[in-house]
Amino acid sequence: MIDATPLLRGYTRLRMRRLARKSAVAHQKDTLLALVRQAQDTAFGKDHGFSTITTVDDFQSRVPLRDFEDFKREYFDPRFPVLDDVTWPGRIPFFAVSSGTASGRTKHIPVSRQMVRSNVRAGTDLLGLHALSHPKSAVLSGKSFMLGGSVAMEKLPGGVRSGDLSGIARLNNPRWSGPFVFPSLNDALEADWERKMDRLARLSLKEPIRVLAGTPSWLLLFFERLQAITGGEGNIKSAYPGLELVVYGGMSFAPYRDTFRSWFPGDDVAWREVYSASEGFVAIDDGAGGPNGAMRLNLDVGLFYEFVPLSELESPSPKRYWLGNAPAGEYALVLSSCAGLWSYRIGDVVEFVPGDVPRVRVCGRTAYTLNAFGEHLSGAEIERALISAGHSIGKPLAEFSVTPVFPTNDTATGQHLFVVELSALPGPSQQQEFAAALDRALADHNEDYEVHRRGNVQLLPPEVVFVPPGAFAGWMRSRGKLGGQNKVPRVVNEGPVRDSLLAFARAQSSERV
């Protein structure tokens, strides 16, 4: 196979020079105005006066924040699935099917041809920046293995297709990338996740795999399958000697970091995080984000970013920042995109790090807050406390989900139920120690939680159900959510997903603390 890495380096050097000719603020302003000009004759553009928008202030004053349900009700439902000149010019050819992690409701996120090209550009930047920072890299002398969903698409009226985002991306890979991509389209059709993992693991052993990409939880399941097939040691390099880059994203990496280290004991494989959502490829880890790994924003890929303080999110007139005026801090991220989403609340909480190369760090989801009793626990606080509790007993966190348990006639005090999977099932004394450490960590870092916990009057200690390794994969399988873009819901406050979680916890009652 020809090594195309030198060509990739040359392209990336030219691209970085072009980016450096303008400031980040100028890139974002130009991006927004270009998007507005393209969409001015759509139904949405006419409704919001796009033809006379000339500044960011104009745009923000005319286009209110919306979430998916708003777009669905106002613009998508009356014409779905044939969206011709509705929020983006032309017909939307694809919809990325995304089920709300905690709610379970299915969303059809529009994916335009321009968005497909945007994702390709961002992905190429990721590989190129890796090649630039690793002079000995031969990343395009082999294949990139994307452990994604099926490329099988549902055919909708009007020639429109819907399916997994990774499948849409695979179907639209640029022609030049064909020799460098694994699996083949035929092998990527398999929809059954377990059969697919087994088949791809066996086939991949015959390929020169240089890059491995996927969500952290499903990559770990794949590593276990690969080890079972090869009978080798717990080191992925023994299966793929040429592997030099692991790309992960779609969920917080913190709960999986310790386990990943055990699969990659050396320092000869680079790990890179990506912030790639169904709504757009937001940011990439270029290796220069410091010890906490803040990712560089993709400034010129057809996405315009706004930042809304969390305290303002439900305000009728929220403060809305952009790169031109946003101070450092945590925000709800808002996107306008080349697929016709405008001032769209993506549902993610990010930490914004300003600079010549502006960066973000994903902190959690706006929906991932636990506040059933006034405790105001954020997803990040919950995650940190669980990781700390796992370290206290020497068993790294693997998966978790938490839900409130509301007062009943039997008890007037609320409680949190944590369903926790560690690297190994802890014994009785370790279970007690973990639960106590979790309670302490939550109280130490959240004053509201600490106040509510005083004297067990308003809030009882957390109840923890420990499940054996692999149990969460079984739960996801039972819900038809194994693999692909599906993620374990972290905080579940209500709805059918909560009912399913409670049933899952009851089935493990023998392990309850």
# chains A, B, ... in the order shown; residues from 1 in each chain; ligands from 1
call {"tool": "select_by_dssp", "arguments": {"residues": "stretch 36-103 of chain A", "states": "strand (DSSP E or B)", "output": "list in words"}}
result
Arg66, Asp84, Arg91, Phe94, Phe95, Ala96, Val97, Ser98 and Ser99 of chain A
call {"tool": "write_last_selection", "arguments": {"atoms": "all heavy atoms", "output": "short mmCIF file (atom, residue, chain, number, x, y, z; two decimals), in the first residue's frame"}}
result
data_model
loop_
_atom_site.label_atom_id
_atom_site.label_comp_id
_atom_site.auth_asym_id
_atom_site.auth_seq_id
_atom_site.Cartn_x
_atom_site.Cartn_y
_atom_site.Cartn_z
N ARG A 66 -33.69 27.56 19.97
CA ARG A 66 -34.65 26.47 19.78
C ARG A 66 -33.97 25.15 20.12
O ARG A 66 -32.75 25.00 19.97
CB ARG A 66 -35.16 26.41 18.33
CG ARG A 66 -36.13 27.50 17.93
CD ARG A 66 -36.53 27.31 16.47
NE ARG A 66 -37.64 28.18 16.06
CZ ARG A 66 -37.49 29.41 15.58
NH1 ARG A 66 -36.27 29.92 15.48
NH2 ARG A 66 -38.54 30.12 15.22
N ASP A 84 -37.72 20.38 1.51
CA ASP A 84 -37.19 21.17 0.39
C ASP A 84 -37.22 22.65 0.76
O ASP A 84 -38.29 23.22 0.98
CB ASP A 84 -38.04 20.95 -0.87
CG ASP A 84 -37.83 19.59 -1.50
OD1 ASP A 84 -36.78 18.98 -1.23
OD2 ASP A 84 -38.72 19.13 -2.23
N ARG A 91 -33.00 19.94 -0.97
CA ARG A 91 -33.61 18.84 -0.21
C ARG A 91 -32.59 18.25 0.75
O ARG A 91 -31.44 18.00 0.38
CB ARG A 91 -34.12 17.75 -1.14
CG ARG A 91 -34.74 16.55 -0.43
CD ARG A 91 -35.48 15.65 -1.39
NE ARG A 91 -36.57 16.38 -2.04
CZ ARG A 91 -37.41 15.85 -2.92
NH1 ARG A 91 -37.30 14.58 -3.27
NH2 ARG A 91 -38.37 16.59 -3.46
N PHE A 94 -30.34 13.22 3.95
CA PHE A 94 -30.15 12.23 5.02
C PHE A 94 -30.69 12.76 6.35
O PHE A 94 -30.69 13.97 6.60
CB PHE A 94 -28.66 11.91 5.21
CG PHE A 94 -27.97 11.37 4.00
CD1 PHE A 94 -27.14 12.19 3.25
CD2 PHE A 94 -28.13 10.05 3.61
CE1 PHE A 94 -26.49 11.71 2.12
CE2 PHE A 94 -27.49 9.55 2.49
CZ PHE A 94 -26.66 10.39 1.75
N PHE A 95 -31.10 11.82 7.18
CA PHE A 95 -31.40 12.13 8.57
C PHE A 95 -30.61 11.17 9.46
O PHE A 95 -30.68 9.95 9.26
CB PHE A 95 -32.90 12.00 8.88
CG PHE A 95 -33.74 13.07 8.25
CD1 PHE A 95 -34.37 12.86 7.04
CD2 PHE A 95 -33.88 14.31 8.87
CE1 PHE A 95 -35.14 13.85 6.46
CE2 PHE A 95 -34.65 15.30 8.29
CZ PHE A 95 -35.28 15.07 7.09
N ALA A 96 -29.87 11.73 10.39
CA ALA A 96 -29.16 10.91 11.37
C ALA A 96 -30.13 10.58 12.49
O ALA A 96 -30.69 11.48 13.12
CB ALA A 96 -27.94 11.66 11.91
N VAL A 97 -30.35 9.31 12.70
CA VAL A 97 -31.29 8.87 13.73
C VAL A 97 -30.56 8.86 15.07
O VAL A 97 -29.55 8.19 15.25
CB VAL A 97 -31.86 7.47 13.42
CG1 VAL A 97 -32.77 7.01 14.55
CG2 VAL A 97 -32.61 7.51 12.10
N SER A 98 -31.07 9.65 15.99
CA SER A 98 -30.44 9.79 17.30
C SER A 98 -31.52 9.67 18.36
O SER A 98 -32.46 10.46 18.38
CB SER A 98 -29.74 11.15 17.42
OG SER A 98 -29.30 11.39 18.73
N SER A 99 -31.41 8.66 19.21
CA SER A 99 -32.39 8.53 20.29
C SER A 99 -31.89 9.30 21.50
O SER A 99 -30.72 9.19 21.87
CB SER A 99 -32.60 7.06 20.67
OG SER A 99 -31.41 6.48 21.11
#
call {"tool": "atom_distance", "arguments": {"atom1": "atom CA of A:Ala441", "atom2": "atom CA of A:Ala380"}}
result
12.2 Å
call {"tool": "residues_around", "arguments": {"residues": "A:Ser144", "least_positions_apart": "4", "cutoff": "7 Å", "atoms": "only C-alpha atoms", "output": "list in words"}}
result
Phe180, Val181, Phe182, Ile209, Arg210, Val211 and Leu212 of chain A
call {"tool": "select_by_dssp", "arguments": {"residues": "stretch 22-103 of chain A", "states": "helix (DSSP H, G or I)", "output": "PyMOL selection string"}}
result
chain A and resi 24-38+43-47+50-52+56-62+68-76
call {"tool": "write_last_selection", "arguments": {"atoms": "N, CA and C atoms", "output": "mmCIF file, in the first residue's frame"}}
result
data_model
loop_
_atom_site.group_PDB
_atom_site.id
_atom_site.type_symbol
_atom_site.label_atom_id
_atom_site.label_comp_id
_atom_site.auth_asym_id
_atom_site.auth_seq_id
_atom_site.Cartn_x
_atom_site.Cartn_y
_atom_site.Cartn_z
ATOM 1 N N ALA A 24 -9.753 33.896 14.762
ATOM 2 C CA ALA A 24 -10.864 32.984 15.011
ATOM 3 C C ALA A 24 -12.197 33.720 14.954
ATOM 4 N N VAL A 25 -12.223 34.936 15.485
ATOM 5 C CA VAL A 25 -13.452 35.736 15.480
ATOM 6 C C VAL A 25 -13.880 36.038 14.043
ATOM 7 N N ALA A 26 -12.918 36.397 13.192
ATOM 8 C CA ALA A 26 -13.244 36.698 11.797
ATOM 9 C C ALA A 26 -13.760 35.455 11.075
ATOM 10 N N HIS A 27 -13.146 34.308 11.336
ATOM 11 C CA HIS A 27 -13.623 33.072 10.718
ATOM 12 C C HIS A 27 -15.078 32.796 11.103
ATOM 13 N N GLN A 28 -15.391 32.986 12.373
ATOM 14 C CA GLN A 28 -16.745 32.687 12.821
ATOM 15 C C GLN A 28 -17.766 33.692 12.284
ATOM 16 N N LYS A 29 -17.404 34.957 12.236
ATOM 17 C CA LYS A 29 -18.319 35.943 11.671
ATOM 18 C C LYS A 29 -18.582 35.640 10.199
ATOM 19 N N ASP A 30 -17.504 35.349 9.452
ATOM 20 C CA ASP A 30 -17.665 35.028 8.030
ATOM 21 C C ASP A 30 -18.508 33.775 7.842
ATOM 22 N N THR A 31 -18.317 32.781 8.719
ATOM 23 C CA THR A 31 -19.089 31.543 8.626
ATOM 24 C C THR A 31 -20.574 31.823 8.803
ATOM 25 N N LEU A 32 -20.915 32.588 9.832
ATOM 26 C CA LEU A 32 -22.329 32.882 10.079
ATOM 27 C C LEU A 32 -22.958 33.614 8.910
ATOM 28 N N LEU A 33 -22.298 34.661 8.418
ATOM 29 C CA LEU A 33 -22.894 35.444 7.338
ATOM 30 C C LEU A 33 -23.003 34.630 6.050
ATOM 31 N N ALA A 34 -22.049 33.715 5.823
ATOM 32 C CA ALA A 34 -22.142 32.844 4.652
ATOM 33 C C ALA A 34 -23.325 31.882 4.792
ATOM 34 N N LEU A 35 -23.526 31.334 5.973
ATOM 35 C CA LEU A 35 -24.671 30.446 6.202
ATOM 36 C C LEU A 35 -25.990 31.187 5.982
ATOM 37 N N VAL A 36 -26.076 32.394 6.523
ATOM 38 C CA VAL A 36 -27.300 33.188 6.401
ATOM 39 C C VAL A 36 -27.602 33.509 4.932
ATOM 40 N N ARG A 37 -26.553 33.878 4.187
ATOM 41 C CA ARG A 37 -26.758 34.198 2.758
ATOM 42 C C ARG A 37 -27.279 32.972 1.996
ATOM 43 N N GLN A 38 -26.709 31.811 2.304
ATOM 44 C CA GLN A 38 -27.128 30.597 1.594
ATOM 45 C C GLN A 38 -28.585 30.242 1.892
ATOM 46 N N ALA A 43 -37.694 28.782 3.827
ATOM 47 C CA ALA A 43 -38.825 29.198 4.659
ATOM 48 C C ALA A 43 -38.338 29.811 5.966
ATOM 49 N N PHE A 44 -37.329 29.189 6.572
ATOM 50 C CA PHE A 44 -36.803 29.712 7.832
ATOM 51 C C PHE A 44 -36.142 31.076 7.610
ATOM 52 N N GLY A 45 -35.370 31.190 6.524
ATOM 53 C CA GLY A 45 -34.689 32.447 6.238
ATOM 54 C C GLY A 45 -35.651 33.596 6.018
ATOM 55 N N LYS A 46 -36.750 33.325 5.325
ATOM 56 C CA LYS A 46 -37.754 34.370 5.099
ATOM 57 C C LYS A 46 -38.457 34.745 6.400
ATOM 58 N N ASP A 47 -38.731 33.731 7.233
ATOM 59 C CA ASP A 47 -39.404 34.011 8.503
ATOM 60 C C ASP A 47 -38.565 34.888 9.417
ATOM 61 N N PHE A 50 -33.456 36.853 6.950
ATOM 62 C CA PHE A 50 -32.032 36.596 6.695
ATOM 63 C C PHE A 50 -31.454 37.545 5.644
ATOM 64 N N SER A 51 -32.274 38.008 4.711
ATOM 65 C CA SER A 51 -31.750 38.820 3.607
ATOM 66 C C SER A 51 -31.171 40.149 4.076
ATOM 67 N N THR A 52 -31.534 40.598 5.266
ATOM 68 C CA THR A 52 -31.023 41.890 5.761
ATOM 69 C C THR A 52 -30.132 41.731 6.986
ATOM 70 N N VAL A 56 -23.550 39.780 13.617
ATOM 71 C CA VAL A 56 -23.910 38.749 14.586
ATOM 72 C C VAL A 56 -25.055 39.239 15.463
ATOM 73 N N ASP A 57 -25.022 40.512 15.852
ATOM 74 C CA ASP A 57 -26.102 41.069 16.676
ATOM 75 C C ASP A 57 -27.444 40.983 15.956
ATOM 76 N N ASP A 58 -27.445 41.279 14.647
ATOM 77 C CA ASP A 58 -28.683 41.139 13.872
ATOM 78 C C ASP A 58 -29.240 39.723 14.002
ATOM 79 N N PHE A 59 -28.357 38.768 13.801
ATOM 80 C CA PHE A 59 -28.775 37.360 13.838
ATOM 81 C C PHE A 59 -29.331 36.991 15.209
ATOM 82 N N GLN A 60 -28.607 37.346 16.258
ATOM 83 C CA GLN A 60 -29.036 36.947 17.597
ATOM 84 C C GLN A 60 -30.340 37.622 18.005
ATOM 85 N N SER A 61 -30.587 38.814 17.496
ATOM 86 C CA SER A 61 -31.826 39.504 17.859
ATOM 87 C C SER A 61 -33.031 38.939 17.117
ATOM 88 N N ARG A 62 -32.801 38.292 15.979
ATOM 89 C CA ARG A 62 -33.931 37.812 15.165
ATOM 90 C C ARG A 62 -34.201 36.311 15.307
ATOM 91 N N PHE A 68 -34.634 20.659 19.564
ATOM 92 C CA PHE A 68 -35.119 19.824 18.470
ATOM 93 C C PHE A 68 -36.640 19.813 18.383
ATOM 94 N N GLU A 69 -37.308 19.734 19.530
ATOM 95 C CA GLU A 69 -38.770 19.674 19.505
ATOM 96 C C GLU A 69 -39.362 20.931 18.890
ATOM 97 N N ASP A 70 -38.721 22.077 19.105
ATOM 98 C CA ASP A 70 -39.189 23.320 18.493
ATOM 99 C C ASP A 70 -39.093 23.242 16.962
ATOM 100 N N PHE A 71 -37.911 22.808 16.466
ATOM 101 C CA PHE A 71 -37.749 22.680 15.016
ATOM 102 C C PHE A 71 -38.718 21.653 14.447
ATOM 103 N N LYS A 72 -38.865 20.560 15.155
ATOM 104 C CA LYS A 72 -39.744 19.486 14.694
ATOM 105 C C LYS A 72 -41.181 19.991 14.527
ATOM 106 N N ARG A 73 -41.662 20.694 15.532
ATOM 107 C CA ARG A 73 -43.043 21.169 15.526
ATOM 108 C C ARG A 73 -43.255 22.281 14.499
ATOM 109 N N GLU A 74 -42.324 23.226 14.440
ATOM 110 C CA GLU A 74 -42.526 24.415 13.625
ATOM 111 C C GLU A 74 -42.155 24.222 12.156
ATOM 112 N N TYR A 75 -41.124 23.393 11.895
ATOM 113 C CA TYR A 75 -40.603 23.331 10.528
ATOM 114 C C TYR A 75 -40.520 21.929 9.927
ATOM 115 N N PHE A 76 -40.226 20.909 10.727
ATOM 116 C CA PHE A 76 -39.978 19.595 10.151
ATOM 117 C C PHE A 76 -41.256 18.781 9.945
#
call {"tool": "atom_distance", "arguments": {"atom1": "atom CA of A:Glu494", "atom2": "atom CA of A:Trp342"}}
result
28.3 Å
call {"tool": "residues_around", "arguments": {"residues": "stretch 410-426 of chain A", "least_positions_apart": "2", "cutoff": "9 Å", "atoms": "only C-alpha atoms", "output": "VMD selection string"}}
result
chain A and resid 259 370 372 to 373 386 390 393 395 to 408 428 to 431 434 456 to 472 501 to 502 504 to 505
call {"tool": "residues_around", "arguments": {"residues": "A:Glu194", "least_positions_apart": "5", "cutoff": "12 Å", "atoms": "only C-alpha atoms", "output": "mmCIF file with all heavy atoms, in the first residue's frame"}}
result
data_model
loop_
_atom_site.group_PDB
_atom_site.id
_atom_site.type_symbol
_atom_site.label_atom_id
_atom_site.label_comp_id
_atom_site.auth_asym_id
_atom_site.auth_seq_id
_atom_site.Cartn_x
_atom_site.Cartn_y
_atom_site.Cartn_z
ATOM 1 N N GLY A 149 -21.864 2.319 13.536
ATOM 2 C CA GLY A 149 -23.123 1.630 13.304
ATOM 3 C C GLY A 149 -23.210 1.083 11.893
ATOM 4 O O GLY A 149 -22.297 1.220 11.075
ATOM 5 N N ARG A 199 -17.183 -10.539 13.537
ATOM 6 C CA ARG A 199 -16.723 -10.599 12.142
ATOM 7 C C ARG A 199 -15.632 -9.563 11.873
ATOM 8 O O ARG A 199 -14.598 -9.874 11.263
ATOM 9 C CB ARG A 199 -17.907 -10.378 11.203
ATOM 10 C CG ARG A 199 -17.509 -10.333 9.723
ATOM 11 C CD ARG A 199 -18.734 -10.344 8.818
ATOM 12 N NE ARG A 199 -18.376 -10.128 7.432
ATOM 13 C CZ ARG A 199 -17.825 -11.034 6.640
ATOM 14 N NH1 ARG A 199 -17.549 -12.225 7.121
ATOM 15 N NH2 ARG A 199 -17.550 -10.760 5.382
ATOM 16 N N LEU A 200 -15.842 -8.337 12.332
ATOM 17 C CA LEU A 200 -14.860 -7.291 12.060
ATOM 18 C C LEU A 200 -13.556 -7.541 12.800
ATOM 19 O O LEU A 200 -12.469 -7.233 12.297
ATOM 20 C CB LEU A 200 -15.420 -5.921 12.425
ATOM 21 C CG LEU A 200 -16.610 -5.435 11.586
ATOM 22 C CD1 LEU A 200 -16.945 -3.997 11.947
ATOM 23 C CD2 LEU A 200 -16.326 -5.561 10.096
ATOM 24 N N ALA A 201 -13.637 -8.100 13.999
ATOM 25 C CA ALA A 201 -12.416 -8.419 14.733
ATOM 26 C C ALA A 201 -11.572 -9.410 13.938
ATOM 27 O O ALA A 201 -10.345 -9.249 13.797
ATOM 28 C CB ALA A 201 -12.760 -8.984 16.107
ATOM 29 N N TRP A 218 -17.982 1.113 23.613
ATOM 30 C CA TRP A 218 -18.036 0.034 22.625
ATOM 31 C C TRP A 218 -16.644 -0.396 22.191
ATOM 32 O O TRP A 218 -16.429 -1.555 21.823
ATOM 33 C CB TRP A 218 -18.883 0.450 21.429
ATOM 34 C CG TRP A 218 -20.259 0.897 21.810
ATOM 35 C CD1 TRP A 218 -20.895 2.025 21.388
ATOM 36 C CD2 TRP A 218 -21.173 0.242 22.699
ATOM 37 N NE1 TRP A 218 -22.134 2.123 21.960
ATOM 38 C CE2 TRP A 218 -22.334 1.037 22.764
ATOM 39 C CE3 TRP A 218 -21.132 -0.927 23.454
ATOM 40 C CZ2 TRP A 218 -23.437 0.697 23.549
ATOM 41 C CZ3 TRP A 218 -22.222 -1.266 24.242
ATOM 42 C CH2 TRP A 218 -23.346 -0.465 24.284
ATOM 43 N N LEU A 221 -15.621 -3.060 24.696
ATOM 44 C CA LEU A 221 -16.251 -4.345 24.381
ATOM 45 C C LEU A 221 -15.555 -5.014 23.198
ATOM 46 O O LEU A 221 -15.351 -6.237 23.183
ATOM 47 C CB LEU A 221 -17.727 -4.154 24.066
ATOM 48 C CG LEU A 221 -18.652 -3.839 25.242
ATOM 49 C CD1 LEU A 221 -20.065 -3.573 24.730
ATOM 50 C CD2 LEU A 221 -18.667 -4.970 26.252
ATOM 51 N N PHE A 222 -15.179 -4.208 22.219
ATOM 52 C CA PHE A 222 -14.484 -4.758 21.055
ATOM 53 C C PHE A 222 -13.109 -5.303 21.458
ATOM 54 O O PHE A 222 -12.693 -6.363 20.963
ATOM 55 C CB PHE A 222 -14.335 -3.688 19.979
ATOM 56 C CG PHE A 222 -13.593 -4.160 18.770
ATOM 57 C CD1 PHE A 222 -14.226 -4.971 17.829
ATOM 58 C CD2 PHE A 222 -12.264 -3.820 18.569
ATOM 59 C CE1 PHE A 222 -13.536 -5.428 16.707
ATOM 60 C CE2 PHE A 222 -11.570 -4.276 17.463
ATOM 61 C CZ PHE A 222 -12.207 -5.078 16.528
ATOM 62 N N GLU A 224 -12.244 -6.635 24.233
ATOM 63 C CA GLU A 224 -12.447 -7.929 24.890
ATOM 64 C C GLU A 224 -12.728 -9.027 23.868
ATOM 65 O O GLU A 224 -12.214 -10.150 23.993
ATOM 66 C CB GLU A 224 -13.592 -7.827 25.896
ATOM 67 C CG GLU A 224 -13.276 -6.938 27.094
ATOM 68 C CD GLU A 224 -14.471 -6.721 27.996
ATOM 69 O OE1 GLU A 224 -15.563 -7.253 27.672
ATOM 70 O OE2 GLU A 224 -14.319 -6.021 29.016
ATOM 71 N N ARG A 225 -13.522 -8.703 22.845
ATOM 72 C CA ARG A 225 -13.807 -9.691 21.811
ATOM 73 C C ARG A 225 -12.526 -10.021 21.039
ATOM 74 O O ARG A 225 -12.263 -11.182 20.713
ATOM 75 C CB ARG A 225 -14.877 -9.150 20.860
ATOM 76 C CG ARG A 225 -15.289 -10.109 19.754
ATOM 77 C CD ARG A 225 -15.937 -11.375 20.320
ATOM 78 N NE ARG A 225 -17.082 -11.042 21.131
ATOM 79 C CZ ARG A 225 -18.330 -10.943 20.675
ATOM 80 N NH1 ARG A 225 -18.576 -11.156 19.393
ATOM 81 N NH2 ARG A 225 -19.326 -10.653 21.482
ATOM 82 N N LEU A 226 -11.741 -9.014 20.746
ATOM 83 C CA LEU A 226 -10.494 -9.214 20.016
ATOM 84 C C LEU A 226 -9.542 -10.110 20.807
ATOM 85 O O LEU A 226 -8.914 -11.026 20.252
ATOM 86 C CB LEU A 226 -9.848 -7.852 19.750
ATOM 87 C CG LEU A 226 -8.715 -7.789 18.727
ATOM 88 C CD1 LEU A 226 -9.227 -8.158 17.339
ATOM 89 C CD2 LEU A 226 -8.117 -6.375 18.707
ATOM 90 N N ALA A 473 -23.903 -3.777 29.278
ATOM 91 C CA ALA A 473 -24.018 -4.170 27.873
ATOM 92 C C ALA A 473 -25.252 -5.046 27.685
ATOM 93 O O ALA A 473 -25.978 -4.921 26.690
ATOM 94 C CB ALA A 473 -22.766 -4.914 27.425
ATOM 95 N N GLY A 474 -25.516 -5.929 28.663
ATOM 96 C CA GLY A 474 -26.711 -6.762 28.592
ATOM 97 C C GLY A 474 -27.981 -5.940 28.672
ATOM 98 O O GLY A 474 -28.968 -6.226 27.970
ATOM 99 N N ARG A 477 -28.447 -4.235 25.404
ATOM 100 C CA ARG A 477 -28.889 -5.219 24.428
ATOM 101 C C ARG A 477 -30.386 -5.483 24.572
ATOM 102 O O ARG A 477 -31.116 -5.571 23.577
ATOM 103 C CB ARG A 477 -28.104 -6.521 24.609
ATOM 104 C CG ARG A 477 -28.449 -7.598 23.572
ATOM 105 C CD ARG A 477 -27.793 -8.932 23.911
ATOM 106 N NE ARG A 477 -26.356 -8.819 24.023
ATOM 107 C CZ ARG A 477 -25.683 -8.919 25.176
ATOM 108 N NH1 ARG A 477 -26.329 -9.131 26.312
ATOM 109 N NH2 ARG A 477 -24.371 -8.820 25.194
ATOM 110 N N GLY A 480 -32.410 -3.021 22.840
ATOM 111 C CA GLY A 480 -32.121 -2.824 21.433
ATOM 112 C C GLY A 480 -31.197 -1.657 21.197
ATOM 113 O O GLY A 480 -31.229 -1.023 20.138
ATOM 114 N N LYS A 481 -30.328 -1.353 22.177
ATOM 115 C CA LYS A 481 -29.466 -0.179 22.090
ATOM 116 C C LYS A 481 -27.991 -0.550 22.196
ATOM 117 O O LYS A 481 -27.169 0.248 22.641
ATOM 118 C CB LYS A 481 -29.800 0.811 23.218
ATOM 119 C CG LYS A 481 -31.217 1.345 23.193
ATOM 120 C CD LYS A 481 -31.447 2.258 22.017
ATOM 121 C CE LYS A 481 -32.833 2.879 22.036
ATOM 122 N NZ LYS A 481 -33.065 3.754 20.870
ATOM 123 N N LEU A 482 -27.624 -1.758 21.775
ATOM 124 C CA LEU A 482 -26.241 -2.187 21.887
ATOM 125 C C LEU A 482 -25.448 -1.717 20.679
ATOM 126 O O LEU A 482 -25.813 -1.987 19.540
ATOM 127 C CB LEU A 482 -26.160 -3.715 21.986
ATOM 128 C CG LEU A 482 -24.771 -4.298 22.267
ATOM 129 C CD1 LEU A 482 -24.289 -3.892 23.646
ATOM 130 C CD2 LEU A 482 -24.787 -5.821 22.145
ATOM 131 N N GLY A 483 -24.351 -1.010 20.947
ATOM 132 C CA GLY A 483 -23.422 -0.636 19.895
ATOM 133 C C GLY A 483 -23.784 0.630 19.158
ATOM 134 O O GLY A 483 -24.728 1.344 19.476
ATOM 135 N N GLY A 484 -22.953 0.923 18.129
ATOM 136 C CA GLY A 484 -23.181 2.098 17.295
ATOM 137 C C GLY A 484 -23.066 3.398 18.067
ATOM 138 O O GLY A 484 -22.161 3.590 18.854
#
call {"tool": "residues_around", "arguments": {"residues": "A:Val151", "least_positions_apart": "3", "cutoff": "7 Å", "atoms": "only C-alpha atoms", "output": "VMD selection string"}}
result
chain A and resid 167 to 168 170 to 171 188 to 189
call {"tool": "write_last_selection", "arguments": {"atoms": "N, CA and C atoms", "output": "PDB file, in the first residue's frame"}}
result
ATOM      1  N   GLY A 167     -22.921   5.533   9.765  1.00  0.00           N
ATOM      2  CA  GLY A 167     -23.251   4.901   8.501  1.00  0.00           C
ATOM      3  C   GLY A 167     -23.355   5.911   7.370  1.00  0.00           C
ATOM      4  N   ILE A 168     -23.981   7.058   7.649  1.00  0.00           N
ATOM      5  CA  ILE A 168     -24.066   8.127   6.649  1.00  0.00           C
ATOM      6  C   ILE A 168     -22.667   8.582   6.250  1.00  0.00           C
ATOM      7  N   ARG A 170     -19.890   6.860   6.447  1.00  0.00           N
ATOM      8  CA  ARG A 170     -19.191   5.801   5.689  1.00  0.00           C
ATOM      9  C   ARG A 170     -19.679   5.759   4.246  1.00  0.00           C
ATOM     10  N   LEU A 171     -20.962   5.927   4.021  1.00  0.00           N
ATOM     11  CA  LEU A 171     -21.500   5.911   2.658  1.00  0.00           C
ATOM     12  C   LEU A 171     -20.991   7.082   1.827  1.00  0.00           C
ATOM     13  N   ALA A 188     -19.712  -3.516   6.542  1.00  0.00           N
ATOM     14  CA  ALA A 188     -20.304  -2.533   7.454  1.00  0.00           C
ATOM     15  C   ALA A 188     -21.825  -2.601   7.477  1.00  0.00           C
ATOM     16  N   LEU A 189     -22.427  -3.438   6.630  1.00  0.00           N
ATOM     17  CA  LEU A 189     -23.890  -3.524   6.577  1.00  0.00           C
ATOM     18  C   LEU A 189     -24.493  -4.227   7.777  1.00  0.00           C
TER      19      LEU A 189
END
call {"tool": "atom_distance", "arguments": {"atom1": "atom CA of A:Ala332", "atom2": "atom CA of A:Leu313"}}
result
7.4 Å
call {"tool": "closest_residue", "arguments": {"among": "A:Thr124, A:Ser112, A:Thr5, A:Ser166", "to": "A:Ser150", "atoms": "only C-alpha atoms"}}
result
A:Ser166
call {"tool": "residues_around", "arguments": {"residues": "A:Arg345", "least_positions_apart": "2", "cutoff": "10 Å", "atoms": "only C-alpha atoms", "output": "JSON, numbers by chain"}}
result
{"A": [65, 66, 67, 68, 306, 307, 308, 313, 332, 333, 334, 335, 336, 341, 342, 343, 347, 348, 366]}
call {"tool": "closest_residue", "arguments": {"among": "A:Pro489, A:Gly234, A:Gly163, A:Pro265", "to": "A:Leu220", "atoms": "only C-alpha atoms"}}
result
A:Gly234
call {"tool": "closest_residue", "arguments": {"among": "A:His452, A:Asp258, A:Leu310, A:Phe253", "to": "A:Gly394", "atoms": "only C-alpha atoms"}}
result
A:Asp258
call {"tool": "closest_residue", "arguments": {"among": "A:His376, A:Arg17, A:Arg113, A:His445", "to": "A:Ser337", "atoms": "only C-alpha atoms"}}
result
A:Arg113
